[in-house]
>>> print(open('entry.cif').read())   # mmCIF, C-alpha atoms
data_model
#
loop_
_atom_site.label_atom_id
_atom_site.label_comp_id
_atom_site.auth_asym_id
_atom_site.auth_seq_id
_atom_site.Cartn_x
_atom_site.Cartn_y
_atom_site.Cartn_z
CA MET P 1 -6.10 -23.83 -3.77
CA THR P 2 -6.32 -20.19 -4.85
CA VAL P 3 -3.38 -17.94 -4.01
CA LYS P 4 -3.82 -14.19 -4.26
CA ARG P 5 -0.76 -11.92 -3.99
CA VAL P 6 -1.46 -8.23 -3.34
CA LEU P 7 0.93 -5.28 -3.34
CA GLY P 8 -0.29 -2.47 -1.08
CA ILE P 9 1.02 1.04 -1.65
CA ASP P 10 0.82 4.13 0.54
CA PRO P 11 1.95 6.94 -1.79
CA GLY P 12 4.32 9.62 -0.62
CA SER P 13 6.79 11.90 -2.37
CA ARG P 14 9.46 11.39 0.31
CA VAL P 15 8.42 8.07 1.88
CA MET P 16 6.34 5.52 -0.01
CA GLY P 17 5.19 2.57 2.06
CA TRP P 18 4.74 -0.79 0.37
CA GLY P 19 3.82 -4.28 1.44
CA VAL P 20 3.19 -7.61 -0.24
CA ILE P 21 0.76 -10.06 1.29
CA GLU P 22 -0.57 -13.35 0.10
CA GLU P 23 -3.86 -15.04 0.82
CA VAL P 24 -3.99 -18.82 0.77
CA SER P 25 -7.30 -20.49 1.61
CA GLY P 26 -8.59 -17.35 3.33
CA VAL P 27 -5.51 -16.73 5.48
CA ALA P 28 -3.39 -13.62 4.87
CA LYS P 29 0.35 -13.75 5.42
CA LEU P 30 3.12 -11.21 5.07
CA ILE P 31 5.57 -11.79 2.22
CA ASP P 32 7.68 -8.62 2.38
CA CYS P 33 7.32 -4.93 3.18
CA GLY P 34 9.23 -1.71 3.54
CA ALA P 35 9.41 1.95 2.70
CA ILE P 36 11.05 3.69 -0.21
CA ARG P 37 12.83 6.76 1.14
CA ALA P 38 13.53 9.46 -1.43
CA THR P 39 15.65 12.21 0.09
CA ASP P 40 17.01 14.02 -2.98
CA LYS P 41 16.12 17.72 -3.01
CA ASP P 42 15.27 17.47 -6.71
CA PHE P 43 11.64 16.36 -7.01
CA ALA P 44 12.08 14.69 -10.42
CA ARG P 45 14.96 12.60 -9.08
CA ARG P 46 12.84 11.54 -6.08
CA MET P 47 10.09 10.41 -8.44
CA GLY P 48 12.64 8.56 -10.57
CA LEU P 49 14.01 6.74 -7.52
CA ILE P 50 10.52 5.79 -6.36
CA PHE P 51 9.66 4.45 -9.82
CA LYS P 52 12.86 2.40 -10.08
CA GLU P 53 12.53 0.89 -6.61
CA LEU P 54 8.81 0.16 -6.87
CA ASN P 55 9.33 -1.32 -10.34
CA ALA P 56 12.00 -3.66 -8.90
CA ILE P 57 9.64 -4.66 -6.04
CA VAL P 58 6.86 -5.47 -8.51
CA GLN P 59 9.23 -7.53 -10.67
CA LEU P 60 10.60 -9.40 -7.65
CA HIS P 61 7.29 -10.25 -5.96
CA LYS P 62 5.01 -10.50 -9.01
CA PRO P 63 1.74 -9.43 -7.36
CA SER P 64 -1.50 -10.30 -9.10
CA VAL P 65 -2.99 -6.92 -8.14
CA ALA P 66 -2.07 -3.69 -6.36
CA ALA P 67 -4.12 -1.76 -3.81
CA VAL P 68 -3.20 1.92 -3.75
CA GLU P 69 -4.45 4.47 -1.26
CA ASN P 70 -6.19 7.42 -2.91
CA VAL P 71 -4.85 10.91 -2.40
CA PHE P 72 -6.67 12.73 0.35
CA THR P 73 -7.53 16.40 0.06
CA ALA P 74 -4.80 18.35 1.80
CA LYS P 75 -4.95 21.87 3.20
CA ASN P 76 -1.82 22.72 1.22
CA PRO P 77 -2.45 22.48 -2.57
CA ALA P 78 1.29 22.12 -3.33
CA SER P 79 1.53 19.11 -0.99
CA ALA P 80 -1.56 17.52 -2.53
CA LEU P 81 -0.09 17.98 -6.01
CA LYS P 82 3.21 16.33 -5.02
CA LEU P 83 1.34 13.47 -3.36
CA GLY P 84 -0.74 13.02 -6.50
CA GLN P 85 2.39 12.92 -8.64
CA ALA P 86 3.93 10.28 -6.36
CA ARG P 87 0.73 8.25 -6.64
CA GLY P 88 0.97 8.56 -10.42
CA VAL P 89 4.51 7.18 -10.31
CA ALA P 90 3.23 4.19 -8.30
CA LEU P 91 0.43 3.61 -10.82
CA ALA P 92 2.95 3.80 -13.68
CA ALA P 93 5.23 1.21 -12.04
CA CYS P 94 2.27 -1.16 -11.69
CA ALA P 95 1.01 -0.52 -15.23
CA ALA P 96 4.50 -1.03 -16.68
CA ASN P 97 4.35 -4.56 -15.24
CA ASP P 98 0.72 -5.29 -16.20
CA VAL P 99 -0.45 -5.28 -12.57
CA GLU P 100 -4.10 -4.34 -12.18
CA VAL P 101 -4.60 -1.47 -9.72
CA PHE P 102 -7.46 -0.94 -7.28
CA SER P 103 -7.81 2.37 -5.45
CA TYR P 104 -9.19 2.84 -1.94
CA GLU P 105 -10.03 5.92 0.09
CA PRO P 106 -8.10 6.20 3.37
CA THR P 107 -11.37 6.12 5.33
CA LYS P 108 -12.43 2.88 3.56
CA ILE P 109 -9.09 1.26 4.43
CA LYS P 110 -9.34 2.31 8.09
CA GLN P 111 -12.98 1.20 8.27
CA THR P 112 -12.05 -2.22 6.91
CA ILE P 113 -9.05 -2.72 9.20
CA VAL P 114 -10.08 -1.03 12.46
CA GLY P 115 -13.83 -0.57 12.15
CA GLY P 116 -13.71 3.23 12.08
CA GLY P 117 -12.79 5.56 9.23
CA ARG P 118 -11.04 8.08 11.48
CA ALA P 119 -8.71 5.61 13.24
CA ALA P 120 -5.20 6.73 14.19
CA LYS P 121 -2.23 5.39 12.23
CA GLU P 122 -1.07 3.54 15.35
CA GLN P 123 -4.41 1.70 15.57
CA VAL P 124 -4.11 0.68 11.93
CA ALA P 125 -0.53 -0.52 12.51
CA PHE P 126 -1.60 -2.59 15.52
CA MET P 127 -4.50 -4.25 13.69
CA VAL P 128 -2.43 -4.97 10.56
CA ALA P 129 0.16 -6.74 12.71
CA GLN P 130 -2.61 -8.76 14.38
CA ILE P 131 -4.20 -9.72 11.05
CA LEU P 132 -0.86 -10.80 9.57
CA GLY P 133 0.32 -12.54 12.74
CA VAL P 134 3.40 -10.35 13.19
CA LYS P 135 4.40 -10.27 16.86
CA LYS P 136 6.69 -7.24 16.96
CA PRO P 137 6.47 -5.24 13.76
CA ASP P 138 9.42 -2.95 13.15
CA TRP P 139 8.08 -1.22 10.07
CA ALA P 140 7.26 2.45 9.52
CA LEU P 141 3.67 3.72 9.77
CA ASP P 142 3.75 4.29 5.99
CA THR P 143 4.45 0.57 5.59
CA SER P 144 1.55 -0.43 7.85
CA ASP P 145 -0.72 1.87 5.83
CA ALA P 146 0.39 0.07 2.64
CA LEU P 147 -0.23 -3.32 4.23
CA ALA P 148 -3.64 -2.07 5.38
CA ALA P 149 -4.49 -1.18 1.77
CA ALA P 150 -3.55 -4.71 0.70
CA VAL P 151 -5.66 -6.30 3.46
CA CYS P 152 -8.52 -3.96 2.57
CA HIS P 153 -8.37 -5.20 -1.02
CA LEU P 154 -8.46 -8.85 0.05
CA ASN P 155 -11.52 -8.22 2.23
CA THR P 156 -13.27 -6.06 -0.37
CA SER P 157 -12.67 -8.50 -3.22
CA ARG P 158 -13.85 -11.41 -1.10
CA TYR P 159 -17.18 -9.71 -0.46
CA ALA P 160 -17.52 -8.30 -4.00
CA LYS P 161 -18.06 -11.75 -5.47
CA TYR P 162 -21.32 -12.02 -3.49
CA LEU P 163 -22.77 -8.77 -4.87
#
>>> encode(input="entry.cif", output="structure tokens")
Amino acid sequence: MTVKRVLGIDPGSRVMGWGVIEEVSGVAKLIDCGAIRATDKDFARRMGLIFKELNAIVQLHKPSVAAVENVFTAKNPASALKLGQARGVALAACAANDVEVFSYEPTKIKQTIVGGGRAAKEQVAFMVAQILGVKKPDWALDTSDALAAAVCHLNTSRYAKYL
């Protein structure tokens, strides 16, 4: 029996969603999830907090791989830069723990989960809950985006072995 544990990450400089799922014999189940909320006004301190918390999550759950959403192109260059730096912190936390990282475009994740690359966050949240068998999810949309990245990786890796 092959068990695959995936950490999904939705990068953000103020809120970083994360979720750990496991696939056993083709069935995905939720292990844990949440959101890292960094509220300090100092950007470097926010990044430090995100690194520490994500590092602790990786050490606790020991994922075999991580699925991280790619940074989308934003209208505001300063926002895109901060988002990219937060994504870099997430990559560093994974690399520091020897966790292989796979990156996915937001449209690819939405396509995999909902069937359309322009789906609303609420649609993604609904479908992630259905896939993981969670009746009444009480997580943030950032968390459902992270879980969607993890599910996307499971689906993508399953099909990649046939290529």
>>> closest_residue(input="entry.cif", among="P:Lys75, P:Arg46, P:Lys52, P:His153", to="Ala96 of chain P", atoms="all atoms listed in the file")
P:Lys52
>>> atom_distance(input="entry.cif", atom1="atom CA of Ala38 of chain P", atom2="atom CA of Gln123 of chain P")
25.9 Å
>>> atom_distance(input="entry.cif", atom1="atom CA of Ile57 of chain P", atom2="atom CA of Gly117 of chain P")
29.0 Å
>>> axis_aligned_box(input="entry.cif", around="segment 47-64 of chain P", padding_each_side="6 Å", output="JSON")
{"center_x": 6.3, "center_y": 0.0, "center_z": -8.3, "size_x": 27.5, "size_y": 32.9, "size_z": 16.7}
>>> resolve_selection(input="entry.cif", expression="the PyMOL selection byres ((chain P and resi 109) around 12)", output="ChimeraX atom specification")
/P:8-10,67-70,103-108,110-121,124-125,127-128,144-156
>>> atom_distance(input="entry.cif", atom1="atom CA of Leu54 of chain P", atom2="atom CA of Asp138 of chain P")
20.3 Å
>>> closest_residue(input="entry.cif", among="P:Arg45, P:Val15, P:Lys136, P:Val6", to="Val58 of chain P", atoms="all atoms listed in the file")
P:Val6
>>> residues_around(input="entry.cif", residues="Phe43 of chain P", least_positions_apart="6", cutoff="12 Å", atoms="all atoms listed in the file", output="list in words")
Gly12, Ser13, Arg14, Leu49, Ile50, Leu81, Lys82, Leu83, Gln85 and Ala86 of chain P
>>> residues_around(input="entry.cif", residues="Ile31 of chain P", least_positions_apart="5", cutoff="9 Å", atoms="all atoms listed in the file", output="number ranges by chain")
P: 5, 19-22, 61
>>> closest_residue(input="entry.cif", among="P:Phe126, P:Asn97, P:Ala44, P:Gly34", to="Gln59 of chain P", atoms="only C-alpha atoms")
P:Asn97
>>> closest_residue(input="entry.cif", among="P:Asn55, P:Val89, P:Val27, P:Ala80", to="Gly133 of chain P", atoms="all atoms listed in the file")
P:Val27
>>> resolve_selection(input="entry.cif", expression="the PyMOL selection byres ((chain P and resi 35) around 9)", output="list in words")
Val15, Met16, Gly17, Trp18, Gly19, Cys33, Gly34, Ile36, Arg37, Trp139, Ala140, Asp142 and Thr143 of chain P
>>> closest_residue(input="entry.cif", among="P:Leu30, P:Gly88, P:Ser64, P:Ser157", to="Lys135 of chain P", atoms="all atoms listed in the file")
P:Leu30
